[in-house]
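Structure data (PDB, C-alpha atoms) from final_38.pdb:
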```pdb
ATOM      1  CA  MET A 415     -32.135 -15.424  17.127
ATOM      2  CA  LYS A 416     -28.967 -17.064  18.497
ATOM      3  CA  ARG A 417     -27.715 -17.687  14.932
ATOM      4  CA  ILE A 418     -28.409 -14.068  13.929
ATOM      5  CA  LEU A 419     -26.661 -12.627  16.960
ATOM      6  CA  THR A 420     -23.675 -14.948  16.464
ATOM      7  CA  GLY A 421     -23.458 -13.995  12.786
ATOM      8  CA  ILE A 422     -23.532 -10.272  13.565
ATOM      9  CA  LEU A 423     -20.923 -10.723  16.310
ATOM     10  CA  PHE A 424     -18.671 -12.633  13.883
ATOM     11  CA  ALA A 425     -18.940  -9.926  11.214
ATOM     12  CA  MET A 426     -18.267  -7.165  13.745
ATOM     13  CA  LEU A 427     -15.170  -8.909  15.120
ATOM     14  CA  TRP A 428     -13.815 -10.093  11.765
ATOM     15  CA  ALA A 429     -14.152  -6.622  10.240
ATOM     16  CA  SER A 430     -12.293  -5.028  13.152
ATOM     17  CA  ALA A 431      -9.009  -6.816  12.352
ATOM     18  CA  SER A 432      -7.816  -4.239   9.819
ATOM     19  CA  VAL A 433      -8.360  -1.275  12.158
ATOM     20  CA  ALA A 434      -6.762  -3.079  15.118
ATOM     21  CA  THR A 435      -3.789  -3.940  12.902
ATOM     22  CA  LYS A 436      -3.430  -0.307  11.819
ATOM     23  CA  PHE A 437      -3.207   0.687  15.484
ATOM     24  CA  GLY A 438      -0.805  -2.127  16.295
ATOM     25  CA  ILE A 439       1.784  -1.377  13.604
ATOM     26  CA  HIS A 440       2.284   2.079  15.099
ATOM     27  CA  SER A 441       3.799   0.346  18.131
ATOM     28  CA  ALA A 442       5.627  -2.611  16.578
ATOM     29  CA  PRO A 443       6.913  -3.848  13.194
ATOM     30  CA  PRO A 444       4.309  -5.952  11.328
ATOM     31  CA  LEU A 445       5.996  -9.336  11.819
ATOM     32  CA  ILE A 446       6.447  -8.825  15.562
ATOM     33  CA  LEU A 447       2.801  -7.833  15.893
ATOM     34  CA  ALA A 448       1.741 -10.890  13.868
ATOM     35  CA  ASN A 449       3.917 -13.358  15.797
ATOM     36  CA  THR A 450       2.752 -12.044  19.169
ATOM     37  CA  ARG A 451      -0.862 -12.402  18.053
ATOM     38  CA  PHE A 452      -0.342 -15.963  16.786
ATOM     39  CA  PHE A 453       1.273 -17.270  19.965
ATOM     40  CA  ILE A 454      -1.306 -15.698  22.282
ATOM     41  CA  ALA A 455      -4.208 -16.995  20.169
ATOM     42  CA  GLY A 456      -2.593 -20.425  19.794
ATOM     43  CA  ILE A 457      -2.050 -20.890  23.525
ATOM     44  CA  VAL A 458      -5.583 -19.746  24.409
ATOM     45  CA  LEU A 459      -7.167 -21.969  21.748
ATOM     46  CA  LEU A 460      -5.099 -25.014  22.788
ATOM     47  CA  VAL A 461      -6.100 -24.581  26.430
ATOM     48  CA  PHE A 462      -9.741 -24.033  25.478
ATOM     49  CA  GLY A 463      -9.780 -26.930  22.994
ATOM     50  CA  TYR A 464      -8.362 -29.497  25.387
ATOM     51  CA  ALA A 465     -10.195 -28.204  28.470
ATOM     52  CA  ALA A 466     -13.652 -27.495  27.059
ATOM     53  CA  GLY A 467     -13.725 -28.876  23.497
ATOM     54  CA  PRO A 468     -15.742 -31.896  22.341
ATOM     55  CA  LYS A 469     -14.475 -35.180  23.799
ATOM     56  CA  SER A 470     -14.525 -36.938  20.418
ATOM     57  CA  GLY A 471     -11.756 -34.738  19.015
ATOM     58  CA  LYS A 472      -9.829 -34.053  22.231
ATOM     59  CA  ARG A 473      -6.486 -35.697  21.471
ATOM     60  CA  MET A 474      -3.038 -34.846  20.156
ATOM     61  CA  PRO A 475      -2.482 -34.877  16.385
ATOM     62  CA  ALA A 476      -0.924 -38.091  15.121
ATOM     63  CA  GLY A 477       1.019 -39.221  12.057
ATOM     64  CA  ARG A 478       0.067 -37.449   8.875
ATOM     65  CA  GLU A 479      -2.136 -34.998  10.774
ATOM     66  CA  TRP A 480       0.986 -33.062  11.737
ATOM     67  CA  GLN A 481       1.854 -32.616   8.058
ATOM     68  CA  GLN A 482      -1.681 -31.520   7.222
ATOM     69  CA  LEU A 483      -1.758 -29.040  10.104
ATOM     70  CA  ALA A 484       1.669 -27.729   9.110
ATOM     71  CA  ILE A 485       0.598 -27.086   5.510
ATOM     72  CA  PHE A 486      -2.657 -25.481   6.601
ATOM     73  CA  GLY A 487      -0.898 -23.361   9.245
ATOM     74  CA  PHE A 488       1.790 -22.227   6.815
ATOM     75  CA  LEU A 489      -0.775 -21.057   4.245
ATOM     76  CA  ASN A 490      -3.493 -19.798   6.586
ATOM     77  CA  THR A 491      -1.325 -18.159   9.241
ATOM     78  CA  THR A 492       2.337 -17.756   8.267
ATOM     79  CA  VAL A 493       1.783 -16.538   4.703
ATOM     80  CA  TYR A 494      -1.711 -15.062   4.788
ATOM     81  CA  LEU A 495      -1.700 -13.142   8.058
ATOM     82  CA  ALA A 496       1.950 -12.077   7.828
ATOM     83  CA  LEU A 497       1.312 -10.588   4.385
ATOM     84  CA  TYR A 498      -1.984  -9.078   5.556
ATOM     85  CA  VAL A 499      -0.409  -7.353   8.559
ATOM     86  CA  TYR A 500       2.445  -6.059   6.378
ATOM     87  CA  ALA A 501      -0.008  -4.810   3.732
ATOM     88  CA  MET A 502      -1.931  -2.844   6.360
ATOM     89  CA  LYS A 503       1.136  -0.619   6.761
ATOM     90  CA  TYR A 504       0.560   0.647   3.207
ATOM     91  CA  THR A 505      -3.209   0.212   2.814
ATOM     92  CA  ALA A 506      -6.249   1.959   4.253
ATOM     93  CA  ALA A 507      -8.052  -0.070   6.918
ATOM     94  CA  GLY A 508     -11.358   0.069   5.043
ATOM     95  CA  ILE A 509      -9.778  -1.446   1.924
ATOM     96  CA  GLY A 510      -8.243  -4.201   4.053
ATOM     97  CA  SER A 511     -11.663  -5.119   5.383
ATOM     98  CA  LEU A 512     -13.226  -4.928   1.917
ATOM     99  CA  ALA A 513     -10.556  -7.211   0.445
ATOM    100  CA  THR A 514     -11.245  -9.999   2.954
ATOM    101  CA  SER A 515     -14.782 -10.316   1.609
ATOM    102  CA  THR A 516     -13.427 -11.352  -1.807
ATOM    103  CA  ASN A 517     -12.197 -14.715  -0.488
ATOM    104  CA  PRO A 518     -15.237 -16.660  -1.772
ATOM    105  CA  LEU A 519     -14.644 -15.209  -5.248
ATOM    106  CA  ILE A 520     -10.958 -16.154  -5.300
ATOM    107  CA  ILE A 521     -11.788 -19.636  -4.011
ATOM    108  CA  VAL A 522     -13.973 -20.138  -7.101
ATOM    109  CA  LEU A 523     -10.986 -19.464  -9.357
ATOM    110  CA  LEU A 524      -8.615 -21.650  -7.365
ATOM    111  CA  SER A 525     -11.113 -24.516  -7.257
ATOM    112  CA  SER A 526     -11.434 -24.448 -11.044
ATOM    113  CA  TRP A 527      -7.659 -24.547 -11.393
ATOM    114  CA  LEU A 528      -6.752 -27.069  -8.668
ATOM    115  CA  ILE A 529      -9.605 -29.571  -8.891
ATOM    116  CA  GLY A 530     -10.813 -28.949 -12.444
ATOM    117  CA  ARG A 531     -14.148 -27.510 -11.372
ATOM    118  CA  LYS A 532     -15.488 -25.338 -14.194
ATOM    119  CA  PRO A 533     -16.867 -22.062 -12.793
ATOM    120  CA  ALA A 534     -20.420 -21.123 -13.727
ATOM    121  CA  LYS A 535     -21.130 -17.911 -15.643
ATOM    122  CA  ALA A 536     -22.609 -16.360 -12.520
ATOM    123  CA  GLU A 537     -19.393 -17.079 -10.621
ATOM    124  CA  ILE A 538     -17.264 -15.501 -13.362
ATOM    125  CA  TRP A 539     -19.455 -12.406 -13.302
ATOM    126  CA  SER A 540     -19.261 -12.293  -9.508
ATOM    127  CA  ILE A 541     -15.455 -12.259  -9.649
ATOM    128  CA  PHE A 542     -15.386  -9.524 -12.285
ATOM    129  CA  ILE A 543     -17.897  -7.344 -10.423
ATOM    130  CA  GLY A 544     -16.193  -7.897  -7.060
ATOM    131  CA  MET A 545     -12.730  -6.998  -8.332
ATOM    132  CA  THR A 546     -14.164  -3.944 -10.109
ATOM    133  CA  GLY A 547     -15.599  -2.874  -6.772
ATOM    134  CA  ILE A 548     -12.187  -3.208  -5.099
ATOM    135  CA  GLY A 549     -10.650  -1.096  -7.856
ATOM    136  CA  LEU A 550     -13.340   1.585  -7.585
ATOM    137  CA  ALA A 551     -13.049   1.894  -3.802
ATOM    138  CA  THR A 552      -9.250   1.952  -3.999
ATOM    139  CA  TYR A 553      -8.865   4.465  -6.836
ATOM    140  CA  PRO A 554      -9.135   7.744  -4.865
ATOM    141  CA  LEU A 555      -6.991   6.359  -2.027
ATOM    142  CA  LEU A 556      -4.037   5.773  -4.370
ATOM    143  CA  ARG A 557      -3.595   9.533  -4.539
ATOM    144  CA  SER A 558      -2.930   9.675  -0.802
ATOM    145  CA  ALA A 559      -0.252   8.138   1.374
ATOM    146  CA  SER A 560      -2.791   5.841   3.062
ATOM    147  CA  THR A 561      -2.816   3.333   0.189
ATOM    148  CA  THR A 562      -0.159   2.345  -2.351
ATOM    149  CA  LEU A 563      -0.047  -0.060  -5.288
ATOM    150  CA  PRO A 564       2.574  -2.283  -3.572
ATOM    151  CA  GLY A 565       0.341  -2.365  -0.498
ATOM    152  CA  ILE A 566      -2.684  -3.405  -2.566
ATOM    153  CA  SER A 567      -0.563  -6.038  -4.351
ATOM    154  CA  VAL A 568       0.606  -7.581  -1.059
ATOM    155  CA  LEU A 569      -2.951  -7.436   0.285
ATOM    156  CA  MET A 570      -4.379  -9.327  -2.702
ATOM    157  CA  LEU A 571      -1.505 -11.814  -2.497
ATOM    158  CA  SER A 572      -2.539 -12.496   1.093
ATOM    159  CA  MET A 573      -6.119 -13.100  -0.109
ATOM    160  CA  VAL A 574      -4.828 -15.667  -2.609
ATOM    161  CA  ALA A 575      -2.871 -17.384   0.181
ATOM    162  CA  VAL A 576      -5.870 -17.692   2.506
ATOM    163  CA  SER A 577      -8.024 -18.905  -0.391
ATOM    164  CA  PHE A 578      -5.417 -21.588  -1.115
ATOM    165  CA  ALA A 579      -5.631 -22.510   2.561
ATOM    166  CA  SER A 580      -9.435 -22.760   2.365
ATOM    167  CA  VAL A 581      -9.295 -25.060  -0.673
ATOM    168  CA  TYR A 582      -6.680 -27.220   1.057
ATOM    169  CA  TYR A 583      -8.724 -27.325   4.269
ATOM    170  CA  ALA A 584     -11.760 -28.548   2.337
ATOM    171  CA  SER A 585      -9.710 -31.308   0.680
ATOM    172  CA  VAL A 586      -8.610 -32.900   3.964
ATOM    173  CA  LYS A 587     -10.762 -35.321   5.979
ATOM    174  CA  TRP A 588     -10.025 -33.922   9.400
ATOM    175  CA  GLN A 589     -10.478 -36.052  12.517
ATOM    176  CA  LEU A 590      -9.631 -33.403  15.099
ATOM    177  CA  SER A 591     -12.217 -30.916  16.365
ATOM    178  CA  ASN A 592     -12.427 -27.565  14.571
ATOM    179  CA  ILE A 593     -11.145 -25.726  17.637
ATOM    180  CA  LEU A 594      -8.029 -27.880  17.870
ATOM    181  CA  ILE A 595      -7.404 -27.685  14.131
ATOM    182  CA  ASN A 596      -7.393 -23.907  14.389
ATOM    183  CA  ALA A 597      -5.367 -23.950  17.612
ATOM    184  CA  TRP A 598      -2.600 -26.081  16.121
ATOM    185  CA  GLN A 599      -2.506 -24.323  12.762
ATOM    186  CA  VAL A 600      -2.183 -20.905  14.441
ATOM    187  CA  THR A 601       0.557 -22.193  16.750
ATOM    188  CA  LEU A 602       2.501 -23.925  13.971
ATOM    189  CA  GLY A 603       2.051 -20.900  11.709
ATOM    190  CA  GLY A 604       3.581 -18.716  14.418
ATOM    191  CA  ILE A 605       6.531 -21.095  14.780
ATOM    192  CA  PHE A 606       7.150 -21.029  11.009
ATOM    193  CA  LEU A 607       7.056 -17.230  10.994
ATOM    194  CA  LEU A 608       9.392 -16.825  13.979
ATOM    195  CA  PRO A 609      12.732 -17.135  12.064
ATOM    196  CA  PHE A 610      11.609 -14.388   9.646
ATOM    197  CA  THR A 611      10.484 -12.197  12.541
ATOM    198  CA  LEU A 612      13.791 -12.636  14.363
ATOM    199  CA  GLY A 613      15.851 -12.042  11.228
ATOM    200  CA  LEU A 614      13.960  -9.202   9.570
ATOM    201  CA  SER A 615      12.347  -7.167  12.352
ATOM    202  CA  ASP A 616      13.756  -4.177  14.204
ATOM    203  CA  PHE A 617      13.005  -4.988  17.841
ATOM    204  CA  SER A 618      14.213  -1.540  18.933
ATOM    205  CA  ALA A 619      11.116  -0.123  17.185
ATOM    206  CA  VAL A 620       8.750  -1.937  19.556
ATOM    207  CA  ARG A 621       6.912   0.393  21.932
ATOM    208  CA  ILE A 622       5.296  -1.624  24.694
ATOM    209  CA  GLY A 623       2.382   0.529  25.745
ATOM    210  CA  GLN A 624      -1.385   0.703  25.808
ATOM    211  CA  THR A 625      -1.732   0.756  22.016
ATOM    212  CA  PHE A 626       0.447  -2.324  21.498
ATOM    213  CA  VAL A 627      -1.147  -4.302  24.344
ATOM    214  CA  LEU A 628      -4.752  -3.503  23.445
ATOM    215  CA  SER A 629      -4.342  -4.059  19.695
ATOM    216  CA  THR A 630      -2.494  -7.351  20.217
ATOM    217  CA  LEU A 631      -5.022  -8.651  22.733
ATOM    218  CA  TRP A 632      -7.921  -7.604  20.509
ATOM    219  CA  LEU A 633      -6.443  -9.321  17.448
ATOM    220  CA  SER A 634      -5.543 -12.506  19.299
ATOM    221  CA  LEU A 635      -8.502 -12.905  21.662
ATOM    222  CA  SER A 636     -11.428 -11.094  20.012
ATOM    223  CA  VAL A 637     -10.635 -11.852  16.368
ATOM    224  CA  SER A 638      -8.581 -15.069  16.328
ATOM    225  CA  VAL A 639     -10.329 -16.749  19.276
ATOM    226  CA  VAL A 640     -13.891 -15.441  19.730
ATOM    227  CA  GLY A 641     -14.392 -14.556  16.052
ATOM    228  CA  LEU A 642     -13.243 -17.964  14.847
ATOM    229  CA  ILE A 643     -15.275 -19.825  17.466
ATOM    230  CA  CYS A 644     -18.350 -17.959  16.148
ATOM    231  CA  TRP A 645     -17.353 -18.796  12.564
ATOM    232  CA  PHE A 646     -16.890 -22.513  13.230
ATOM    233  CA  TRP A 647     -20.235 -22.620  15.058
ATOM    234  CA  LEU A 648     -21.953 -20.994  12.062
ATOM    235  CA  LEU A 649     -20.194 -23.391   9.656
ATOM    236  CA  ARG A 650     -21.343 -26.390  11.657
ATOM    237  CA  ILE A 651     -24.980 -25.261  11.388
ATOM    238  CA  ASP A 652     -24.990 -24.324   7.691
ATOM    239  CA  THR A 653     -21.927 -23.661   5.514
ATOM    240  CA  VAL A 654     -23.763 -21.693   2.821
ATOM    241  CA  LYS A 655     -25.687 -19.452   5.189
ATOM    242  CA  ALA A 656     -22.508 -18.886   7.218
ATOM    243  CA  SER A 657     -20.750 -17.418   4.178
ATOM    244  CA  LEU A 658     -23.511 -14.824   3.810
ATOM    245  CA  TRP A 659     -22.323 -13.128   7.000
ATOM    246  CA  LEU A 660     -19.188 -12.088   5.095
ATOM    247  CA  PHE A 661     -21.447  -9.587   3.309
ATOM    248  CA  LEU A 662     -21.546  -7.481   6.491
ATOM    249  CA  CYS A 663     -17.771  -7.312   6.960
ATOM    250  CA  PRO A 664     -17.091  -4.444   4.490
ATOM    251  CA  LEU A 665     -19.889  -2.389   6.031
ATOM    252  CA  PHE A 666     -18.533  -2.753   9.559
ATOM    253  CA  GLY A 667     -14.966  -2.344   8.281
ATOM    254  CA  PHE A 668     -15.560   1.032   6.641
ATOM    255  CA  PHE A 669     -17.552   2.190   9.679
ATOM    256  CA  TYR A 670     -14.662   1.313  12.035
ATOM    257  CA  ALA A 671     -12.143   2.990   9.699
ATOM    258  CA  TRP A 672     -14.254   6.169   9.634
ATOM    259  CA  TRP A 673     -15.045   6.149  13.351
ATOM    260  CA  LEU A 674     -11.638   5.208  14.793
ATOM    261  CA  LEU A 675      -9.152   6.295  12.113
ATOM    262  CA  GLY A 676     -10.948   9.160  10.429
ATOM    263  CA  GLU A 677     -10.845   7.542   6.963
ATOM    264  CA  ALA A 678     -13.211   9.310   4.591
ATOM    265  CA  ILE A 679     -16.265   7.537   3.194
ATOM    266  CA  THR A 680     -16.762   8.787  -0.372
ATOM    267  CA  LEU A 681     -19.018   7.919  -3.294
ATOM    268  CA  TYR A 682     -16.157   5.724  -4.546
ATOM    269  CA  THR A 683     -16.191   3.871  -1.207
ATOM    270  CA  ILE A 684     -19.949   3.351  -1.296
ATOM    271  CA  GLY A 685     -20.008   2.377  -4.981
ATOM    272  CA  GLY A 686     -17.093  -0.039  -4.613
ATOM    273  CA  THR A 687     -18.591  -1.669  -1.532
ATOM    274  CA  LEU A 688     -21.959  -2.125  -3.244
ATOM    275  CA  LEU A 689     -20.249  -3.754  -6.240
ATOM    276  CA  VAL A 690     -18.364  -6.182  -3.980
ATOM    277  CA  LEU A 691     -21.578  -7.053  -2.136
ATOM    278  CA  LEU A 692     -23.353  -7.537  -5.469
ATOM    279  CA  GLY A 693     -20.544  -9.792  -6.680
ATOM    280  CA  LEU A 694     -20.684 -11.867  -3.505
ATOM    281  CA  TYR A 695     -24.465 -12.179  -3.786
ATOM    282  CA  ILE A 696     -24.338 -13.273  -7.437
ATOM    283  CA  GLY A 697     -21.659 -15.836  -6.644
ATOM    284  CA  GLN A 698     -23.538 -17.294  -3.676
ATOM    285  CA  LYS A 699     -27.220 -16.989  -4.558
ATOM    286  CA  ASP A 700     -27.416 -20.256  -6.546
ATOM    287  CA  LYS A 701     -25.792 -22.221  -3.722
ATOM    288  CA  PHE A 702     -28.102 -20.575  -1.220
ATOM    289  CA  ALA A 703     -31.161 -21.320  -3.350
ATOM    290  CA  LYS A 704     -30.150 -24.975  -3.794
ATOM    291  CA  LYS A 705     -29.503 -25.344  -0.100
ATOM    292  CA  THR A 706     -32.815 -23.768   0.780
ATOM    293  CA  GLY A 707     -34.592 -25.968  -1.739
ATOM    294  CA  VAL A 708     -33.091 -29.117  -0.236
ATOM    295  CA  GLN A 709     -34.107 -28.059   3.253
ATOM    296  CA  HIS A 710     -37.655 -27.267   2.141
ATOM    297  CA  ALA A 711     -37.952 -30.618   0.396
ATOM    298  CA  GLY A 712     -36.771 -32.391   3.507
ATOM    299  CA  THR A 713     -39.422 -30.809   5.696
ATOM    300  CA  GLN A 714     -42.406 -31.533   3.488
TER     301      GLN A 714
END
```

The structure given in the file should be rewritten as structure tokens.
Amino acid sequence: MKRILTGILFAMLWASASVATKFGIHSAPPLILANTRFFIAGIVLLVFGYAAGPKSGKRMPAGREWQQLAIFGFLNTTVYLALYVYAMKYTAAGIGSLATSTNPLIIVLLSSWLIGRKPAKAEIWSIFIGMTGIGLATYPLLRSASTTLPGISVLMLSMVAVSFASVYYASVKWQLSNILINAWQVTLGGIFLLPFTLGLSDFSAVRIGQTFVLSTLWLSLSVSVVGLICWFWLLRIDTVKASLWLFLCPLFGFFYAWWLLGEAITLYTIGGTLLVLLGLYIGQKDKFAKKTGVQHAGTQ
């Protein structure tokens, strides 16, 4: 029951990022919103990691670890989240949430390219079906001002960046705790983004008010802190089963967009979401079956 509740909480929080971002960019330029979120989340995670994290990983990074954290932070925070926040200015919140669920599909492609892993037929089909679903859900929105082709392009570029980060993360033998890895990568990612924020953002456009404060705190504390703590806990228990909780993110995402932003849910939305979920299931079912089979064999 604890695993189920944690998984549902993760999906609910993770899916809320696009809606919270849509609110936030009404009060501040995208880069300012992103940088504020990164520094708040980084400070909270660093304090939590060193005060309450596991003793075995409670130390400062050393030597090459700084380089590894810098690369991971640049890809996972500076590039990915900066592009994502910017894309939300030109993309419907529901589409933003739907796009994040395609990460496992993109990772399959990047793994085949970077480490020479040949994708299985099921994985190829999952990518094709998932991307078709994105296109179907997006199609009617392109006729309105809520979503544009440049916005979709930047959004998918951000998905490629975070998938690169995931592949890189998996290739490193980390010695720090997961909480501290995330704390340092978020902090370093915010530092790397700061020169661009200072040079490209219009600070006179910032409106410090309830909308800015609540959206920033929600993104930094609820999504980047609580959401990621839930995610790392699920990963530690079972990596394959943890990824299945991503299936719920589009459902919560479209619900939030409809409830809080008034975005319409059409047959295109439903059909596209179902195709993405089908693609994710096809791409993950073999791994899930193998994992389940191993666990069953071990308990006999």

Mind running stretch 429-495 of chain A against stretch 637-654 of chain A at 8 Å and telling me each contacting residue's nearest atom pair with the distance in Å (one decimal), counting only C-alpha atoms, chain and number ascending, as a tab-separated table?
```
residue	atom	partner	partner_atom	distance
A:Ser430	CA	A:Val637	CA	7.7
A:Ala431	CA	A:Val637	CA	6.6
A:Ala455	CA	A:Ser638	CA	6.1
A:Val458	CA	A:Val639	CA	7.6
A:Leu459	CA	A:Val639	CA	6.6
```

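For the residues A:Lys472, A:Phe452, A:Leu445, A:Ser580, ranking by smallest atom-to-atom distance to A:Gly613 using only C-alpha atoms places A:Leu445 first.
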
Note to self: Ranking A:Leu489, A:Ile418, A:Leu423, A:Ala619 by minimum distance to A:Ile439 and counting only C-alpha atoms, which one comes first?
What the structure shows: A:Ala619

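Taking atom CA of A:Gly477 and atom CA of A:Val581 as endpoints, the distance between them is 21.7 Å.
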
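The residue that comes closest to A:Lys535, out of A:Val574, A:Val522, A:Ala466, A:Val690 and on the basis of all atoms listed in the file, is A:Val522.
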
Item checked: Given the PyMOL selection byres ((chain A and resi 623) around 12), the residues it picks as a ChimeraX atom specification -> /A:437-438,440-442,620-622,624-630

Next item on the list: Extract, using only C-alpha atoms, all DNA, RNA and protein residues at most 9 Å from A:Ser511, discarding same-chain residues fewer than 6 positions from it, and format them as an MDAnalysis selection string.
Entry: chainID A and resid 428:433 663:668

Next item on the list: Run through the PyMOL selection byres ((chain A and resi 686) around 10) on the given coordinates and return the selected residues as an NGL selection string.
Entry: :A and (509 or 512 or 543-553 or 680-685 or 687-692)

Selection above as a file: C-alpha atoms, as a PDB file, in the coordinates of the input:
```pdb
ATOM      1  CA  ILE A 509      -9.778  -1.446   1.924  1.00  0.00           C
ATOM      2  CA  LEU A 512     -13.226  -4.928   1.917  1.00  0.00           C
ATOM      3  CA  ILE A 543     -17.897  -7.344 -10.423  1.00  0.00           C
ATOM      4  CA  GLY A 544     -16.193  -7.897  -7.060  1.00  0.00           C
ATOM      5  CA  MET A 545     -12.730  -6.998  -8.332  1.00  0.00           C
ATOM      6  CA  THR A 546     -14.164  -3.944 -10.109  1.00  0.00           C
ATOM      7  CA  GLY A 547     -15.599  -2.874  -6.772  1.00  0.00           C
ATOM      8  CA  ILE A 548     -12.187  -3.208  -5.099  1.00  0.00           C
ATOM      9  CA  GLY A 549     -10.650  -1.096  -7.856  1.00  0.00           C
ATOM     10  CA  LEU A 550     -13.340   1.585  -7.585  1.00  0.00           C
ATOM     11  CA  ALA A 551     -13.049   1.894  -3.802  1.00  0.00           C
ATOM     12  CA  THR A 552      -9.250   1.952  -3.999  1.00  0.00           C
ATOM     13  CA  TYR A 553      -8.865   4.465  -6.836  1.00  0.00           C
ATOM     14  CA  THR A 680     -16.762   8.787  -0.372  1.00  0.00           C
ATOM     15  CA  LEU A 681     -19.018   7.919  -3.294  1.00  0.00           C
ATOM     16  CA  TYR A 682     -16.157   5.724  -4.546  1.00  0.00           C
ATOM     17  CA  THR A 683     -16.191   3.871  -1.207  1.00  0.00           C
ATOM     18  CA  ILE A 684     -19.949   3.351  -1.296  1.00  0.00           C
ATOM     19  CA  GLY A 685     -20.008   2.377  -4.981  1.00  0.00           C
ATOM     20  CA  THR A 687     -18.591  -1.669  -1.532  1.00  0.00           C
ATOM     21  CA  LEU A 688     -21.959  -2.125  -3.244  1.00  0.00           C
ATOM     22  CA  LEU A 689     -20.249  -3.754  -6.240  1.00  0.00           C
ATOM     23  CA  VAL A 690     -18.364  -6.182  -3.980  1.00  0.00           C
ATOM     24  CA  LEU A 691     -21.578  -7.053  -2.136  1.00  0.00           C
ATOM     25  CA  LEU A 692     -23.353  -7.537  -5.469  1.00  0.00           C
TER      26      LEU A 692
END
```
